[in-house]
Amino acid sequence: MAAKLMLSMDGVVLQEYALDKERMTIGRRPSSEIVIDNIAVSGEHAAIVTILNDSFLEDLDSTNGTLVNDVAIKRHFLQNNDVIEIGKYKLKYLNDQQSPSTAADFEKTMVFRASPHIASSTPVKADPSEMSERSNPTEQPQSTPAEKALELRQTEAATSPQPARVPSAEIAPPDSQQAMGVIQILTGPNAGKELELVKNLTTVGKAGLQVVVFTRRPRGYFVTHVEGASYPNLNGKPLDDQPRQLNENDIIELAGIKMEFYLKR
Amino acid sequence: MYIEQALEIVSQTHPGVVRSQNEDCVEFDVSCGLVVLADGMGGHNAGEIASSITVSLILTEIKHSLENMRPEERGEGGEDVGVMLLREKLQKANTAIYNASLSQPQCAGMGTTVVAGLFYDNRLAVAHVGDSRMYRLRGAIFEPITRDHSLLQEQIDRGMLSPKDARLSRNKNLITRAVGVDPAVEAEIHVHAVQVGDIYLLCSDGLNDMVEDDEIGTRLHMLRANLQLMAKQLIEMANDNGGRDNVSVILVKINGEFAVPRGWLAKMLSWFKSRIKYGD
């Protein structure tokens with residue numbers, strides 16, 4: 001079902017428009033698809049371009065501007081329930097298709113073709129010359145994991161009061177339902193120090209010698225051997241290649257140092 | 001160093017937690033320096049057929065072509081021998097699937113994405129069609145080295161969508177190129193220089209749709225000592241986040257150089273070795 005716009009003023013719905021054309025203009029001019037006959041509205045005020053299930057709003061250099069959710073925009077990718085404001089009028093964008101986070105949106109992959117009318121159509125693609133011009137993939141926006149967030153060796157972990165807390169929002173925020181796992185070092189020079197397992201993944205140990213990884217998963221915390229000829233002990237028994245779920249007060253012995261796992265509530 | 005020693009490769013595939021069928025297909029051959037991953041589409045089990053035809057055909061054909069050539073020597077036949085091989089074999093796979101879909105009614109409209117890598121002479125030729133990706137971890141930089149053939153990517157390229165907005169789009173899973181849906185396919189192929197220590201990740205969209213790039217990069221960086229565990233963790237992570245699609249990965253770690261011998265003596269030694277090895 002096509003997305004739609006609900007035109008209202010002072011909370012009274014005036015009209016409903018289905019976004020069933022690729023480009024629809026909003027303006028005072030009668031040729032507009034969505035006509036708003038008001039002096040505060042420019043002749044050609046804004047346009048909405050719809051590509052399959054996505055719609056984009058563009059202000060056409062209007063005199064009084066276009067707001068979306070109280071913010072002035074030039075161009076905006078419309079999301080369900082966005083409110084467009086033009087003068088005293090409001091246009092609510094409704095797209096009740098399921099959001100990308102629902103399973104329905106992960107339907108089978110399909111090949112997108114230029115035109116269904118052409119029998120032997122070729123898939124849509126950019127002009128080859130243009131393609132090669134912009135085909136240097138290294139120009140893409142790069143995701144650069146901060147190096148400091150990646151390495152967490154035991155020594156650093158024990159000396160830093162806030163070990164490797166990842167500042168970026170990409171790392172899933174800890175589930176408030178889930179208690180925070182903590183590793184307390186029991187023996188060695190750093191005895192007594194604690195390491196909060198805030199990240200989804202925390203490695204502990206000496207590179208090349210013995211390293212384990214603690215993973216935070218929806219079902220709890222797991223420990224897995226990563227590298228080293230000998231395997232660390234969990235409650236006195238050596239780990240194998242399989243991840244082991246951690247229980248409260250489990251004792252891990254890594255490179256001769258004992259540490260205890262517990263949950264902070 | 002021979003390519004078998006220079007490359008460490010692992011692969012893993014999983015149907016995910018929602019779908020019962022696995023339409024992904026992964027395979028590799030270390031002695032050829034070849035890795036191939038495909039994500040099929042089409043009703044019933046046609047998607048599975050398309051992806052497995054593509055993967056096995058590319059693998060056996062390239063293997064056959066290289067039979068009397070050491071991978072270390074491949075640079076000699078011409079600058080773009082890797083590119084030529086990939087283009088030719090991908091075309092062949094396309095024809096095979098296209099013809100099968102015309103002759104078998106239950107296979108009508110089947111197709112597949114593909115991403116393939118051929119390592120030779122300290123280089124990597126990457127061919128792809130559709131939205132299966134290759135990423136590279138070099139030092140601390142983790143980035144995609146392929147660009148999806150998808151509606152979303154085209155919109156990003158044209159400045160209509162920011163990569164951030166793309167995640168909010170309702171037009172996901174629309175690819176603009178696929179293997180086997182038309183009589184011919186245009187694969188995008190690029191050659192990259194390889195460095196010792198690089199880790200390459202090939203994956204189906206079941207991974208990158210479920211897990212942010214930064215999270216994937218963090219995994220690769222932290223678990224670089226254990227490729228098998230890395231593969232397992234990536235799949236686990238996609239499934240923990242919902243596992244709405246089949247998820248497949250191939251990981252390649254570069255442990256040494258695999259250059260073509262350059263001097264006349266080295267060439268001659270290499271020639272003798274290859275004769276002995278293949279009993280020619």
# chains A, B, ... in the order shown; residues from 1 in each chain; ligands from 1

$ residues_around --residues "segment 81-90 of chain B" --least-positions-apart "3" --cutoff "9 Å" --atoms "only C-alpha atoms" --output "PyMOL selection string"
chain B and resi 54+57-59+61-62+65+74-78+93-95+114+116-120+124-127+179+185-191

$ write_last_selection --atoms "N, CA and C atoms" --output "compact mmCIF listing (two decimals), in the first residue's frame"
# COMPACT_ATOMS: atom_id res chain seq x y z
N THR B 54 26.92 -21.88 -9.45
CA THR B 54 27.89 -20.80 -9.64
C THR B 54 29.20 -21.10 -8.92
N LEU B 57 30.98 -24.31 -10.36
CA LEU B 57 31.48 -24.09 -11.72
C LEU B 57 32.71 -23.18 -11.74
N ILE B 58 32.66 -22.10 -11.00
CA ILE B 58 33.80 -21.19 -10.96
C ILE B 58 35.03 -21.92 -10.40
N LEU B 59 34.78 -22.70 -9.35
CA LEU B 59 35.89 -23.39 -8.71
C LEU B 59 36.54 -24.43 -9.63
N GLU B 61 36.27 -24.78 -12.90
CA GLU B 61 36.78 -24.21 -14.15
C GLU B 61 38.12 -23.50 -13.93
N ILE B 62 38.21 -22.71 -12.87
CA ILE B 62 39.46 -21.99 -12.65
C ILE B 62 40.56 -22.97 -12.26
N SER B 65 41.82 -24.46 -15.39
CA SER B 65 42.64 -23.53 -16.16
C SER B 65 44.04 -23.38 -15.58
N ARG B 74 51.37 -16.88 -11.88
CA ARG B 74 50.27 -16.44 -12.70
C ARG B 74 50.42 -15.04 -13.25
N GLY B 75 51.22 -14.25 -12.60
CA GLY B 75 51.40 -12.89 -13.08
C GLY B 75 52.07 -12.83 -14.44
N GLU B 76 52.70 -13.92 -14.87
CA GLU B 76 53.51 -13.86 -16.08
C GLU B 76 52.70 -13.88 -17.37
N GLY B 77 51.59 -14.56 -17.34
CA GLY B 77 50.82 -14.73 -18.57
C GLY B 77 50.26 -13.42 -19.10
N GLY B 78 50.29 -12.42 -18.35
CA GLY B 78 49.68 -11.14 -18.74
C GLY B 78 49.23 -10.46 -17.49
N ALA B 93 29.15 -19.41 -15.72
CA ALA B 93 28.17 -19.74 -14.68
C ALA B 93 26.83 -19.07 -15.00
N ASN B 94 26.90 -17.84 -15.46
CA ASN B 94 25.68 -17.10 -15.82
C ASN B 94 24.90 -17.85 -16.89
N THR B 95 25.61 -18.29 -17.92
CA THR B 95 24.96 -19.01 -19.02
C THR B 95 24.32 -20.30 -18.51
N VAL B 114 27.23 -13.13 -6.29
CA VAL B 114 28.48 -13.85 -6.10
C VAL B 114 29.57 -12.85 -5.72
N ALA B 116 33.86 -13.36 -5.52
CA ALA B 116 34.94 -14.32 -5.67
C ALA B 116 36.27 -13.60 -5.59
N GLY B 117 37.25 -14.23 -4.97
CA GLY B 117 38.58 -13.66 -4.87
C GLY B 117 39.61 -14.65 -5.37
N LEU B 118 40.53 -14.17 -6.20
CA LEU B 118 41.62 -15.01 -6.69
C LEU B 118 42.94 -14.36 -6.28
N PHE B 119 43.68 -15.08 -5.44
CA PHE B 119 44.96 -14.56 -4.94
C PHE B 119 46.09 -15.08 -5.82
N TYR B 120 46.94 -14.20 -6.32
CA TYR B 120 48.08 -14.60 -7.14
C TYR B 120 49.09 -13.47 -7.15
N LEU B 124 45.28 -9.61 -5.44
CA LEU B 124 43.97 -10.23 -5.26
C LEU B 124 43.04 -9.63 -6.30
N ALA B 125 42.48 -10.49 -7.13
CA ALA B 125 41.44 -10.03 -8.06
C ALA B 125 40.10 -10.35 -7.41
N VAL B 126 39.25 -9.36 -7.31
CA VAL B 126 37.93 -9.53 -6.68
C VAL B 126 36.85 -9.29 -7.72
N ALA B 127 35.98 -10.27 -7.89
CA ALA B 127 34.85 -10.10 -8.80
C ALA B 127 33.58 -10.18 -7.97
N VAL B 179 23.61 -12.97 -11.10
CA VAL B 179 24.10 -13.99 -12.02
C VAL B 179 22.91 -14.88 -12.41
N VAL B 185 26.02 -11.32 -18.05
CA VAL B 185 26.17 -10.61 -16.79
C VAL B 185 27.45 -9.79 -16.83
N GLU B 186 27.38 -8.61 -16.24
CA GLU B 186 28.58 -7.80 -16.16
C GLU B 186 29.10 -7.84 -14.73
N ALA B 187 30.21 -8.55 -14.54
CA ALA B 187 30.80 -8.62 -13.20
C ALA B 187 31.68 -7.40 -13.01
N GLU B 188 31.74 -6.91 -11.78
CA GLU B 188 32.67 -5.82 -11.47
C GLU B 188 33.93 -6.46 -10.91
N ILE B 189 35.08 -6.16 -11.52
CA ILE B 189 36.32 -6.82 -11.11
C ILE B 189 37.40 -5.77 -10.86
N HIS B 190 38.06 -5.90 -9.73
CA HIS B 190 39.17 -5.00 -9.40
C HIS B 190 40.34 -5.80 -8.88
N VAL B 191 41.55 -5.28 -9.08
CA VAL B 191 42.74 -5.95 -8.57
C VAL B 191 43.30 -5.11 -7.42

$ interface_residues --of "chain B" --to "chain A" --cutoff "7 Å" --atoms "only C-alpha atoms" --output "number ranges by chain"
B: 41, 140-143, 145-147, 168-171, 173-178, 182, 212-215, 217-218, 221-223, 225-226, 240, 244

$ select_by_dssp --residues "segment 28-74 of chain B" --states "strand (DSSP E)" --output "list in words"
Phe28, Asp29, Leu34, Val35, Val36, Leu37, Ala38, Asp39, Gly40 and Met41 of chain B

$ residues_around --residues "segment 7-20 of chain B" --least-positions-apart "3" --cutoff "7 Å" --atoms "only C-alpha atoms" --output "tab-separated table (two decimals) with N, CA and C atoms, in the first residue's frame"
chain	number	residue	atom	x	y	z
B	3	ILE	N	51.70	-20.57	-2.16
B	3	ILE	CA	50.43	-19.95	-1.78
B	3	ILE	C	49.71	-20.75	-0.68
B	4	GLU	N	49.92	-22.08	-0.66
B	4	GLU	CA	49.27	-22.90	0.37
B	4	GLU	C	49.73	-22.49	1.77
B	26	VAL	N	29.30	-21.60	-0.08
B	26	VAL	CA	30.69	-21.12	0.05
B	26	VAL	C	31.64	-22.26	-0.27
B	30	VAL	N	42.69	-23.64	-1.50
B	30	VAL	CA	43.89	-22.90	-1.12
B	30	VAL	C	44.95	-22.99	-2.20
B	227	LEU	N	41.26	-17.78	13.36
B	227	LEU	CA	40.33	-17.56	12.25
B	227	LEU	C	39.04	-18.36	12.40
B	228	GLN	N	39.18	-19.59	12.88
B	228	GLN	CA	38.04	-20.46	13.04
B	228	GLN	C	37.04	-19.85	14.04
B	231	ALA	N	35.22	-16.82	12.54
B	231	ALA	CA	34.09	-17.18	11.67
B	231	ALA	C	32.87	-17.54	12.51
B	239	ASN	N	23.20	-14.22	14.28
B	239	ASN	CA	22.05	-14.97	14.81
B	239	ASN	C	21.56	-14.38	16.13
B	242	GLY	N	19.16	-11.63	15.55
B	242	GLY	CA	17.89	-11.96	14.89
B	242	GLY	C	18.02	-13.02	13.81
B	243	GLY	N	19.17	-13.09	13.18
B	243	GLY	CA	19.45	-14.13	12.18
B	243	GLY	C	18.36	-14.30	11.14
B	244	ARG	N	17.91	-13.17	10.57
B	244	ARG	CA	16.76	-13.24	9.67
B	244	ARG	C	17.07	-13.80	8.29
B	245	ASP	N	18.33	-13.98	7.98
B	245	ASP	CA	18.70	-14.48	6.66
B	245	ASP	C	19.81	-15.52	6.83
B	246	ASN	N	20.05	-16.28	5.77
B	246	ASN	CA	21.19	-17.18	5.78
B	246	ASN	C	22.45	-16.31	5.97
B	247	VAL	N	23.41	-16.85	6.69
B	247	VAL	CA	24.62	-16.06	6.90
B	247	VAL	C	25.84	-16.92	6.60
B	248	SER	N	26.74	-16.37	5.77
B	248	SER	CA	27.93	-17.12	5.36
B	248	SER	C	29.14	-16.22	5.38
B	249	VAL	N	30.26	-16.79	5.73
B	249	VAL	CA	31.52	-16.03	5.73
B	249	VAL	C	32.65	-16.90	5.20
B	250	ILE	N	33.59	-16.26	4.52
B	250	ILE	CA	34.89	-16.87	4.23
B	250	ILE	C	35.92	-15.87	4.74
B	251	LEU	N	36.91	-16.37	5.47
B	251	LEU	CA	37.96	-15.51	5.99
B	251	LEU	C	39.30	-15.95	5.41
B	252	VAL	N	40.08	-14.99	4.95
B	252	VAL	CA	41.39	-15.30	4.39
B	252	VAL	C	42.41	-14.43	5.10
B	253	LYS	N	43.42	-15.08	5.68
B	253	LYS	CA	44.48	-14.33	6.36
B	253	LYS	C	45.77	-14.51	5.58
B	254	ILE	N	46.48	-13.41	5.36
B	254	ILE	CA	47.72	-13.47	4.58
B	254	ILE	C	48.88	-13.63	5.54
B	255	ASN	N	49.46	-14.83	5.54
B	255	ASN	CA	50.55	-15.11	6.47
B	255	ASN	C	51.93	-14.92	5.84
